[in-house]
Structures are given as C-alpha cells and as structure tokens.
$ cat model.cif   # mmCIF, C-alpha atoms
data_run
loop_
_atom_site.label_atom_id
_atom_site.label_comp_id
_atom_site.auth_asym_id
_atom_site.auth_seq_id
_atom_site.Cartn_x
_atom_site.Cartn_y
_atom_site.Cartn_z
CA MET A 54 20.68 -8.18 -14.79
CA ILE A 55 18.59 -5.55 -13.05
CA PRO A 56 20.54 -3.16 -10.79
CA LEU A 57 19.17 -2.42 -7.34
CA SER A 58 18.90 1.28 -8.15
CA TRP A 59 16.14 0.55 -10.70
CA TYR A 60 13.94 -0.92 -7.99
CA LEU A 61 14.70 1.96 -5.63
CA ILE A 62 13.94 4.61 -8.26
CA PHE A 63 10.71 2.85 -9.24
CA ALA A 64 9.67 2.58 -5.59
CA ALA A 65 10.49 6.26 -5.06
CA ALA A 66 8.31 7.22 -8.04
CA LEU A 67 5.41 5.06 -6.82
CA PHE A 68 5.77 6.50 -3.30
CA CYS A 69 5.66 10.07 -4.62
CA ILE A 70 2.57 9.33 -6.73
CA GLY A 71 0.88 7.90 -3.63
CA LEU A 72 2.00 10.91 -1.59
CA TYR A 73 0.43 13.27 -4.12
CA GLY A 74 -2.80 11.23 -4.00
CA ALA A 75 -2.88 11.29 -0.21
CA LEU A 76 -2.21 15.03 -0.04
CA ALA A 77 -4.25 16.37 -2.93
CA ARG A 78 -7.44 14.30 -3.17
CA ARG A 79 -10.56 15.55 -1.42
CA ASN A 80 -12.33 12.20 -1.10
CA SER A 81 -11.28 10.19 1.96
CA VAL A 82 -11.44 6.87 0.08
CA ALA A 83 -9.07 8.27 -2.54
CA ILE A 84 -6.70 9.32 0.26
CA ILE A 85 -6.65 5.71 1.50
CA MET A 86 -5.88 4.56 -2.06
CA GLY A 87 -2.87 6.89 -2.08
CA ILE A 88 -1.70 5.48 1.24
CA GLU A 89 -1.98 1.93 -0.13
CA LEU A 90 0.25 2.93 -3.06
CA MET A 91 2.82 4.33 -0.62
CA LEU A 92 2.80 1.13 1.47
CA ASN A 93 3.33 -0.92 -1.69
CA ALA A 94 6.35 1.20 -2.63
CA VAL A 95 7.80 0.64 0.85
CA ASN A 96 7.29 -3.12 0.48
CA ILE A 97 9.14 -3.17 -2.85
CA ASN A 98 12.06 -1.38 -1.19
CA LEU A 99 12.14 -3.85 1.69
CA VAL A 100 12.06 -6.91 -0.56
CA ALA A 101 14.63 -5.41 -2.99
CA PHE A 102 17.06 -4.73 -0.14
CA TRP A 103 16.51 -8.28 1.13
CA ARG A 104 17.25 -9.75 -2.30
CA TYR A 105 20.32 -7.63 -3.07
CA ILE A 106 21.96 -6.94 0.29
CA THR A 107 21.05 -9.72 2.75
CA PRO A 108 19.63 -12.68 0.79
CA GLY A 109 20.69 -15.07 3.57
CA ILE A 110 18.69 -13.31 6.30
CA LEU A 111 14.91 -13.37 5.95
CA ALA A 112 14.32 -10.21 8.01
CA GLY A 113 13.41 -8.19 4.91
CA GLN A 114 10.62 -10.56 3.91
CA VAL A 115 9.35 -10.81 7.50
CA PHE A 116 9.28 -7.01 7.68
CA ALA A 117 7.25 -6.94 4.44
CA ILE A 118 4.77 -9.44 5.92
CA ILE A 119 4.33 -7.21 8.99
CA VAL A 120 3.72 -4.25 6.66
CA PHE A 121 1.02 -6.33 4.92
CA ALA A 122 -0.69 -6.93 8.27
CA VAL A 123 -0.50 -3.26 9.20
CA ALA A 124 -1.84 -2.22 5.77
CA ALA A 125 -4.78 -4.61 6.11
CA SER A 126 -5.61 -3.26 9.58
CA GLU A 127 -5.26 0.31 8.38
CA ALA A 128 -7.58 -0.24 5.43
CA ALA A 129 -10.20 -2.01 7.56
CA VAL A 130 -10.26 0.61 10.34
CA GLY A 131 -9.94 3.54 7.93
CA LEU A 132 -12.82 2.43 5.74
CA ALA A 133 -14.96 1.68 8.82
CA LEU A 134 -14.28 5.23 10.01
CA ILE A 135 -15.26 6.61 6.61
CA ILE A 136 -18.51 4.59 6.59
CA SER A 137 -19.29 5.78 10.12
CA ILE A 138 -18.58 9.44 9.26
CA TYR A 139 -20.64 9.13 6.09
CA ARG A 140 -23.55 7.74 8.07
CA GLN A 141 -23.50 10.57 10.60
CA ARG A 142 -22.46 13.56 8.50
CA SER A 143 -23.37 12.46 4.93
CA THR A 144 -19.97 13.42 3.53
CA VAL A 145 -16.67 11.76 2.72
CA ILE A 146 -14.92 14.97 1.65
CA ALA A 147 -11.89 15.43 3.88
CA GLU A 148 -12.31 19.23 4.07
CA ASP A 149 -15.85 18.93 5.44
CA ILE A 150 -14.84 16.56 8.24
CA ASP A 151 -13.55 19.31 10.53
CA LEU A 152 -15.27 18.29 13.77
CA MET A 153 -11.95 18.01 15.62
CA LYS A 154 -10.29 20.94 13.91
CA TRP A 155 -9.10 23.55 16.38
CA MET B 236 19.13 -5.32 -22.68
CA THR B 237 18.06 -8.68 -21.35
CA VAL B 238 14.56 -10.12 -21.19
CA LEU B 239 14.35 -9.48 -17.44
CA GLN B 240 15.20 -5.81 -17.93
CA LEU B 241 12.54 -5.54 -20.62
CA ILE B 242 9.96 -7.12 -18.28
CA PHE B 243 11.05 -4.76 -15.51
CA LEU B 244 10.72 -1.64 -17.67
CA LEU B 245 7.35 -2.67 -19.12
CA THR B 246 5.96 -3.50 -15.67
CA ALA B 247 7.36 -0.31 -14.17
CA ALA B 248 5.77 1.79 -16.92
CA THR B 249 2.41 0.02 -16.53
CA THR B 250 2.45 0.29 -12.74
CA LEU B 251 3.43 3.96 -12.68
CA ALA B 252 0.82 4.81 -15.32
CA SER B 253 -1.83 2.94 -13.28
CA GLY B 254 -0.69 4.78 -10.16
CA MET B 255 -1.06 8.09 -12.00
CA MET B 256 -4.58 7.10 -13.00
CA VAL B 257 -5.38 6.18 -9.37
CA VAL B 258 -4.57 9.69 -8.17
CA ALA B 259 -5.88 11.50 -11.28
CA SER B 260 -9.09 9.67 -12.22
CA PRO B 261 -12.17 11.75 -11.34
CA ASN B 262 -14.34 8.63 -11.12
CA LEU B 263 -13.50 6.78 -7.91
CA VAL B 264 -14.66 3.39 -9.21
CA HIS B 265 -12.23 3.75 -12.09
CA ALA B 266 -9.53 4.84 -9.63
CA ALA B 267 -10.14 1.67 -7.59
CA LEU B 268 -9.86 -0.49 -10.72
CA TRP B 269 -6.60 1.26 -11.66
CA LEU B 270 -5.42 0.60 -8.11
CA ILE B 271 -5.93 -3.14 -8.75
CA MET B 272 -3.79 -2.78 -11.89
CA ALA B 273 -1.02 -1.04 -9.93
CA LEU B 274 -1.14 -3.71 -7.20
CA ALA B 275 -0.86 -6.44 -9.85
CA GLY B 276 2.21 -4.65 -11.23
CA VAL B 277 3.79 -4.70 -7.76
CA THR B 278 3.11 -8.46 -7.69
CA VAL B 279 5.26 -8.84 -10.81
CA PHE B 280 8.09 -7.06 -8.99
CA PHE B 281 7.85 -9.51 -6.10
CA VAL B 282 8.15 -12.36 -8.61
CA LEU B 283 11.17 -10.67 -10.24
CA LEU B 284 12.75 -10.38 -6.77
CA GLU B 285 12.16 -14.12 -6.18
CA ALA B 286 9.86 -13.50 -3.22
CA GLY B 287 7.16 -15.96 -4.31
CA PHE B 288 5.30 -16.07 -1.01
CA LEU B 289 4.96 -12.30 -0.92
CA ALA B 290 3.63 -12.32 -4.49
CA VAL B 291 0.88 -14.75 -3.45
CA VAL B 292 0.11 -12.71 -0.33
CA GLN B 293 0.00 -9.55 -2.45
CA VAL B 294 -2.65 -11.09 -4.69
CA ALA B 295 -4.63 -12.55 -1.79
CA VAL B 296 -4.48 -9.64 0.65
CA TYR B 297 -4.15 -6.52 -1.50
CA ILE B 298 -6.06 -7.44 -4.66
CA GLY B 299 -8.38 -9.93 -2.98
CA ALA B 300 -9.23 -8.07 0.21
CA ILE B 301 -8.12 -4.45 0.40
CA ALA B 302 -9.04 -3.47 -3.17
CA ILE B 303 -12.46 -5.10 -2.82
CA LEU B 304 -12.95 -3.34 0.54
CA ILE B 305 -12.10 -0.01 -1.10
CA ILE B 306 -14.54 -0.68 -3.94
CA PHE B 307 -17.22 -1.47 -1.32
CA ALA B 308 -16.50 1.83 0.43
CA VAL B 309 -16.69 3.71 -2.89
CA MET B 310 -20.04 2.08 -3.71
CA LEU B 311 -21.46 2.80 -0.24
CA THR B 312 -20.56 6.50 -0.53
CA ARG B 313 -21.34 6.67 -4.22
CA HIS B 314 -23.51 9.70 -4.74
CA VAL B 315 -20.99 11.87 -2.93
CA ALA B 316 -18.13 10.40 -4.89
CA ALA B 317 -19.80 10.96 -8.24
CA ASP B 318 -20.52 14.65 -7.72
CA SER B 319 -19.30 17.16 -10.24
CA GLN B 320 -17.15 19.07 -7.74
CA SER B 321 -13.41 19.18 -8.11
CA GLN B 322 -11.69 16.01 -6.89
CA VAL B 323 -8.55 17.78 -5.67
CA THR B 324 -8.00 20.31 -2.92
CA ARG B 325 -7.26 23.97 -3.54
CA GLY B 326 -3.61 23.45 -2.66
CA TRP B 327 -3.12 20.51 -5.01
CA TRP B 328 -0.17 22.19 -6.70
CA LEU B 329 1.58 22.35 -3.32
CA ALA B 330 1.08 18.59 -2.98
CA ALA B 331 2.42 18.07 -6.50
CA LEU B 332 5.39 20.31 -5.73
CA ALA B 333 6.16 18.41 -2.52
CA SER B 334 5.93 15.05 -4.31
CA LEU B 335 8.14 16.22 -7.18
CA LEU B 336 10.70 17.69 -4.76
CA LEU B 337 10.79 14.45 -2.78
CA PHE B 338 11.21 12.40 -5.95
CA GLY B 339 13.92 14.70 -7.25
CA GLY B 340 15.78 14.50 -3.96
CA LEU B 341 15.52 10.71 -3.81
CA LEU B 342 16.61 10.41 -7.46
CA ALA B 343 19.63 12.66 -6.90
CA MET B 344 20.58 10.65 -3.82
CA LEU B 345 20.11 7.23 -5.43
CA THR B 346 22.11 8.06 -8.56
CA GLN B 347 25.08 9.14 -6.42
CA ILE B 348 25.56 5.79 -4.66
CA PRO B 349 27.89 3.74 -6.87
CA THR B 350 27.34 0.34 -5.21
CA LEU B 351 23.67 0.27 -6.22
CA THR B 352 24.49 -0.63 -9.84
CA ALA B 353 25.62 -4.17 -9.01
CA GLY B 354 23.40 -7.09 -9.97
CA ALA B 355 21.59 -9.38 -7.55
CA PRO B 356 23.74 -11.96 -5.72
CA VAL B 357 22.92 -15.62 -6.14
CA LEU B 358 20.44 -16.85 -3.55
CA PRO B 359 22.11 -19.12 -1.01
CA GLY B 360 20.65 -22.61 -1.04
CA ASN B 361 17.69 -23.92 -2.99
CA PRO B 362 15.17 -21.17 -3.92
CA ASP B 363 12.32 -23.54 -3.05
CA ASP B 364 13.51 -23.63 0.56
CA ILE B 365 12.92 -19.90 1.08
CA VAL B 366 9.20 -20.29 1.78
CA ARG B 367 9.90 -23.08 4.27
CA ASP B 368 12.62 -21.04 5.99
CA LEU B 369 10.33 -18.01 6.06
CA GLY B 370 7.53 -20.00 7.69
CA GLN B 371 9.90 -21.51 10.26
CA SER B 372 11.48 -18.15 11.08
CA LEU B 373 8.01 -16.68 11.74
CA VAL B 374 7.26 -19.23 14.49
CA SER B 375 10.79 -19.85 15.75
CA LEU B 376 11.31 -18.58 19.30
CA ASP B 377 14.74 -17.07 18.65
CA GLN B 378 13.65 -15.31 15.45
CA TYR B 379 10.46 -13.44 14.58
CA VAL B 380 7.70 -15.04 16.65
CA LEU B 381 7.18 -11.87 18.74
CA PRO B 382 6.55 -9.45 15.82
CA PHE B 383 4.43 -12.15 14.16
CA GLU B 384 2.19 -12.58 17.22
CA THR B 385 2.05 -8.80 17.72
CA ALA B 386 0.83 -8.48 14.13
CA SER B 387 -1.88 -11.08 14.78
CA VAL B 388 -3.03 -9.20 17.90
CA LEU B 389 -3.06 -5.99 15.83
CA LEU B 390 -5.22 -7.69 13.19
CA LEU B 391 -7.63 -8.92 15.88
CA ALA B 392 -7.82 -5.43 17.40
CA ALA B 393 -8.42 -3.91 13.95
CA LEU B 394 -11.15 -6.49 13.26
CA ILE B 395 -13.00 -5.71 16.49
CA GLY B 396 -12.39 -1.98 16.10
CA ALA B 397 -13.72 -1.92 12.55
CA ILE B 398 -16.89 -3.76 13.60
CA VAL B 399 -17.49 -1.45 16.58
CA ILE B 400 -16.82 1.73 14.57
CA ALA B 401 -19.03 0.72 11.66
CA LEU B 402 -21.97 -0.38 13.83
CA PRO B 403 -25.09 1.77 13.35
CA PRO B 404 -25.51 4.16 16.33
CA LYS B 405 -28.76 2.54 17.47
CA ALA B 406 -27.34 -1.00 17.40
CA ALA B 407 -24.25 0.15 19.27
CA GLY B 408 -26.39 1.59 22.05
CA ALA B 409 -28.62 -1.47 22.27
CA GLU B 410 -25.81 -4.02 22.35
CA GLY B 411 -23.22 -2.15 24.35
CA GLY B 412 -25.67 -1.24 27.07
CA GLU B 413 -24.07 2.20 27.41
CA PRO B 414 -26.40 5.10 28.17
#
$ encode --input "model.cif" --output "structure tokens"
Amino acid sequence: MIPLSWYLIFAAALFCIGLYGALARRNSVAIIMGIELMLNAVNINLVAFWRYITPGILAGQVFAIIVFAVAASEAAVGLALIISIYRQRSTVIAEDIDLMKW
Amino acid sequence: MTVLQLIFLLTAATTLASGMMVVASPNLVHAALWLIMALAGVTVFFVLLEAGFLAVVQVAVYIGAIAILIIFAVMLTRHVAADSQSQVTRGWWLAALASLLLFGGLLAMLTQIPTLTAGAPVLPGNPDDIVRDLGQSLVSLDQYVLPFETASVLLLAALIGAIVIALPPKAAGAEGGEP
C-alpha cells in the first residue's frame, strides 16, 4: 500500500529539481529540459489525485492528456525558437539573448 | 514493506537521481539521455497508478518525440553547447535556494495533512474499461470534447508556428511574399 503523500512528495521533489534547472542553467535547451521535468511532476500529481480521490471521474486523466498536448506544443515551438535564434545570433546562451531586454 | 512500496522507492530514487543529472550534467547530450531515464521513471509511476493509457502516451510522446526533439536541438547547436564555459548562471545559488525553500514548504505542508496517508481506493468497475471510458469521455458532447478539440487546435497552431519560426530567413521571404 502506497500512501498518496509519497506520490505528492516525489512530485514536489521532481518539480523543484526542474525548477532549479529552469532557473540556473545558461543553455536554452537545458532550460526546456527543466520545464519538461516540471510538467512531468505536475502530471504525476494529477494522476495520483485521480487515482486516490476521484477514481470514478476521469477528469484527472483527461487533464493529464491536455498537459501532454501543451507540453508537446511548448517543446516544438520552444525548440524552433532556439534554432531560429541560433541561426541569427549564433548563441543559445539565455544571458546573451537580450534583444528584448529593457 | 510490500513489493509495490519497494518498486516505488527504487523508481523514485532512480528518477530523482536522473533528474539531478539532467540539471547538473555539463554535457548537454548526457543531460538529454538522463532526461529520457527520468521520463521512463515517470512512466513506471503511471503504471503504479493504474493509468495504462497515460503510460503508453508518456513513452510515445515524451520519450519518442520530445526527448528526440531535444536531442536534435542539442546536436544542431552543438559547438556552443560543448564550450568550456560555466553551464550555470551567476545566481545559481539563488535558484537552488528558491528550489530548496519551495520543496521544504511543500514537504512541511504535505506532512501535516493526515488524510494523505490512506491507501488507494479500489477502482470502480473493471480496470480494463478505464481506457474505453477515457476514450468515450474525450469525444462525448457532455464531457470533455471541447478541451480535447481545443488541444488539437493548439497542436495544429504549434505545428504551423514551429515550421514558420524555424524557416530560414531567405525561404520565409520567398514563400511568404512579404517585403
């Protein structure tokens, strides 16, 4: 028997690791990797709440599927942006991409 | 300690260690491979939670598509990624502090809720019917057809947007006809 709190604590740890990756890495691709980790932690939370709290209602799983779609779109557009920026400015370091910085 | 708990703890340890390697590895190709390991660990959690369809989608979409896309992006920007400069920002300790504070806060909150220690309830009905019910609820008019179709429009928009953004500047000018 696995208590729900184990899943929540694990997801919190994975989310915080992803948050550190998204905040601290300089390479844009590494930032996207951190964001993917965070989205995975969110998905685990959604599915765990579905399984433990409302197993009769499928809203939790449907929500997780929508998160999958959003994550796929985010990765596709984000990596296209990085390729485009790399082509024009020859860098993927987040600090050097300051064109729109005020 | 039951077998399921042992599987949970082993998978959690593997996934968290892989996640650490994703954010700590100086070589981005290695980080992407560790990311695949972490995503596979999350798949095991979906199986433990009896969400079989999501486990399959996790393998197909995350490991099959997103991880490969990320590896492509790493390869295309390789000689920048492999430079000897530091891989973390100057304020990395602030990021670590924020992450640790968030985790500490979440941990303190989660350990104070007594109802979270209960086990999982028995799934109503046959577990094999869940995938069928899920598929029907996604296209049923009085359930989730609207978010489902919105997600498909979002995917289409992202597909077109990604192609337009990644087009070479010359090709974009020639095909779009814009001055």
$ residues_around --input "model.cif" --residues "Met54 in chain A" --least-positions-apart "5" --cutoff "8 Å" --atoms "all atoms listed in the file" --output "PyMOL selection string"
chain B and resi 237+239-240+354-355
$ write_last_selection --input "model.cif" --atoms "C-alpha atoms" --output "CSV table (one decimal), in the frame of the given file"
chain,number,residue,atom,x,y,z
B,237,THR,CA,18.1,-8.7,-21.4
B,239,LEU,CA,14.4,-9.5,-17.4
B,240,GLN,CA,15.2,-5.8,-17.9
B,354,GLY,CA,23.4,-7.1,-10.0
B,355,ALA,CA,21.6,-9.4,-7.6
$ atom_distance --input "model.cif" --atom1 "CA of Leu304 in chain B" --atom2 "CA of Ala401 in chain B"
13.3 Å
$ closest_atom_pairs --input "model.cif" --of "chain B" --to "chain A" --cutoff "6 Å" --atoms "only C-alpha atoms" --output "Markdown table"
| residue | atom | partner | partner_atom | distance |
| --- | --- | --- | --- | --- |
| B:Gln240 | CA | A:Ile55 | CA | 5.9 |
| B:Val258 | CA | A:Gly74 | CA | 4.8 |
| B:Gln322 | CA | A:Arg79 | CA | 5.6 |
| B:Val323 | CA | A:Arg78 | CA | 4.4 |
| B:Thr324 | CA | A:Ala77 | CA | 5.4 |
| B:Trp327 | CA | A:Ala77 | CA | 4.8 |
| B:Ala330 | CA | A:Tyr73 | CA | 5.5 |
| B:Ala331 | CA | A:Tyr73 | CA | 5.7 |
| B:Ser334 | CA | A:Cys69 | CA | 5.0 |
| B:Leu351 | CA | A:Ser58 | CA | 5.2 |
| B:Thr352 | CA | A:Pro56 | CA | 4.8 |
| B:Ala353 | CA | A:Pro56 | CA | 5.5 |
| B:Gly354 | CA | A:Pro56 | CA | 4.9 |
| B:Ala355 | CA | A:Tyr105 | CA | 5.0 |
| B:Leu390 | CA | A:Ser126 | CA | 5.7 |
| B:Ala393 | CA | A:Ser126 | CA | 5.2 |
| B:Ala397 | CA | A:Val130 | CA | 4.8 |
| B:Ala401 | CA | A:Ala133 | CA | 5.1 |
$ resolve_selection --input "model.cif" --expression "the PyMOL selection byres ((chain B and resi 278) around 10)" --output "number ranges by chain"
A: 93, 97; B: 246, 272-277, 279-284, 286-287, 289-294, 297-298
$ atom_distance --input "model.cif" --atom1 "CA of Leu358 in chain B" --atom2 "CA of Leu99 in chain A"
16.3 Å
$ atom_distance --input "model.cif" --atom1 "CA of Ala302 in chain B" --atom2 "CA of Leu270 in chain B"
7.4 Å
$ axis_aligned_box --input "model.cif" --around "range 368-379 of chain B" --padding-each-side "6 Å" --output "AutoDock Vina command-line options"
--center_x 11.0 --center_y -17.5 --center_z 12.6 --size_x 19.5 --size_y 20.1 --size_z 25.3
$ residues_around --input "model.cif" --residues "Ile365 in chain B" --least-positions-apart "3" --cutoff "9 Å" --atoms "all atoms listed in the file" --output "ChimeraX atom specification"
/A:111 /B:286-288,360-362,368-370
$ build_atoms --input "model.cif" --residues "range 130-155 of chain A" --atoms "N, CA and C atoms" --output "mmCIF file, in the frame of the given file"
data_model
loop_
_atom_site.group_PDB
_atom_site.id
_atom_site.type_symbol
_atom_site.label_atom_id
_atom_site.label_comp_id
_atom_site.auth_asym_id
_atom_site.auth_seq_id
_atom_site.Cartn_x
_atom_site.Cartn_y
_atom_site.Cartn_z
ATOM 1 N N VAL A 130 -9.827 -0.409 9.384
ATOM 2 C CA VAL A 130 -10.260 0.610 10.340
ATOM 3 C C VAL A 130 -10.569 1.922 9.624
ATOM 4 N N GLY A 131 -9.714 2.290 8.637
ATOM 5 C CA GLY A 131 -9.940 3.540 7.930
ATOM 6 C C GLY A 131 -11.257 3.556 7.180
ATOM 7 N N LEU A 132 -11.568 2.449 6.493
ATOM 8 C CA LEU A 132 -12.820 2.430 5.740
ATOM 9 C C LEU A 132 -14.016 2.358 6.682
ATOM 10 N N ALA A 133 -13.870 1.673 7.840
ATOM 11 C CA ALA A 133 -14.960 1.680 8.820
ATOM 12 C C ALA A 133 -15.210 3.089 9.335
ATOM 13 N N LEU A 134 -14.130 3.839 9.580
ATOM 14 C CA LEU A 134 -14.280 5.230 10.010
ATOM 15 C C LEU A 134 -15.006 6.046 8.956
ATOM 16 N N ILE A 135 -14.634 5.836 7.681
ATOM 17 C CA ILE A 135 -15.260 6.610 6.610
ATOM 18 C C ILE A 135 -16.747 6.281 6.520
ATOM 19 N N ILE A 136 -17.090 4.976 6.633
ATOM 20 C CA ILE A 136 -18.510 4.590 6.590
ATOM 21 C C ILE A 136 -19.260 5.228 7.751
ATOM 22 N N SER A 137 -18.634 5.208 8.941
ATOM 23 C CA SER A 137 -19.290 5.780 10.120
ATOM 24 C C SER A 137 -19.498 7.282 9.953
ATOM 25 N N ILE A 138 -18.463 7.987 9.470
ATOM 26 C CA ILE A 138 -18.580 9.440 9.260
ATOM 27 C C ILE A 138 -19.634 9.729 8.197
ATOM 28 N N TYR A 139 -19.656 8.911 7.148
ATOM 29 C CA TYR A 139 -20.640 9.130 6.090
ATOM 30 C C TYR A 139 -22.046 8.960 6.625
ATOM 31 N N ARG A 140 -22.216 7.975 7.524
ATOM 32 C CA ARG A 140 -23.550 7.740 8.070
ATOM 33 C C ARG A 140 -24.012 8.912 8.918
ATOM 34 N N GLN A 141 -23.087 9.527 9.666
ATOM 35 C CA GLN A 141 -23.500 10.570 10.600
ATOM 36 C C GLN A 141 -23.490 11.965 9.973
ATOM 37 N N ARG A 142 -22.595 12.207 9.035
ATOM 38 C CA ARG A 142 -22.460 13.560 8.500
ATOM 39 C C ARG A 142 -22.722 13.649 7.007
ATOM 40 N N SER A 143 -23.004 12.495 6.354
ATOM 41 C CA SER A 143 -23.370 12.460 4.930
ATOM 42 C C SER A 143 -22.305 13.088 4.043
ATOM 43 N N THR A 144 -21.036 12.931 4.403
ATOM 44 C CA THR A 144 -19.970 13.420 3.530
ATOM 45 C C THR A 144 -18.744 12.536 3.698
ATOM 46 N N VAL A 145 -17.965 12.429 2.618
ATOM 47 C CA VAL A 145 -16.670 11.760 2.720
ATOM 48 C C VAL A 145 -15.558 12.710 2.255
ATOM 49 N N ILE A 146 -15.919 14.001 2.077
ATOM 50 C CA ILE A 146 -14.920 14.970 1.650
ATOM 51 C C ILE A 146 -14.073 15.364 2.861
ATOM 52 N N ALA A 147 -12.767 15.244 2.725
ATOM 53 C CA ALA A 147 -11.890 15.430 3.880
ATOM 54 C C ALA A 147 -11.988 16.846 4.441
ATOM 55 N N GLU A 148 -12.254 17.851 3.569
ATOM 56 C CA GLU A 148 -12.310 19.230 4.070
ATOM 57 C C GLU A 148 -13.542 19.467 4.948
ATOM 58 N N ASP A 149 -14.620 18.710 4.687
ATOM 59 C CA ASP A 149 -15.850 18.930 5.440
ATOM 60 C C ASP A 149 -15.844 18.212 6.789
ATOM 61 N N ILE A 150 -14.908 17.286 6.974
ATOM 62 C CA ILE A 150 -14.840 16.560 8.240
ATOM 63 C C ILE A 150 -13.894 17.330 9.151
ATOM 64 N N ASP A 151 -14.423 18.440 9.724
ATOM 65 C CA ASP A 151 -13.550 19.310 10.530
ATOM 66 C C ASP A 151 -14.041 19.385 11.965
ATOM 67 N N LEU A 152 -14.689 18.297 12.426
ATOM 68 C CA LEU A 152 -15.270 18.290 13.770
ATOM 69 C C LEU A 152 -14.196 18.499 14.836
ATOM 70 N N MET A 153 -13.005 17.934 14.615
ATOM 71 C CA MET A 153 -11.950 18.010 15.620
ATOM 72 C C MET A 153 -10.909 19.062 15.277
ATOM 73 N N LYS A 154 -11.258 19.926 14.299
ATOM 74 C CA LYS A 154 -10.290 20.940 13.910
ATOM 75 C C LYS A 154 -10.330 22.071 14.921
ATOM 76 N N TRP A 155 -9.173 22.522 15.334
ATOM 77 C CA TRP A 155 -9.100 23.550 16.380
ATOM 78 C C TRP A 155 -9.357 24.920 15.804
#
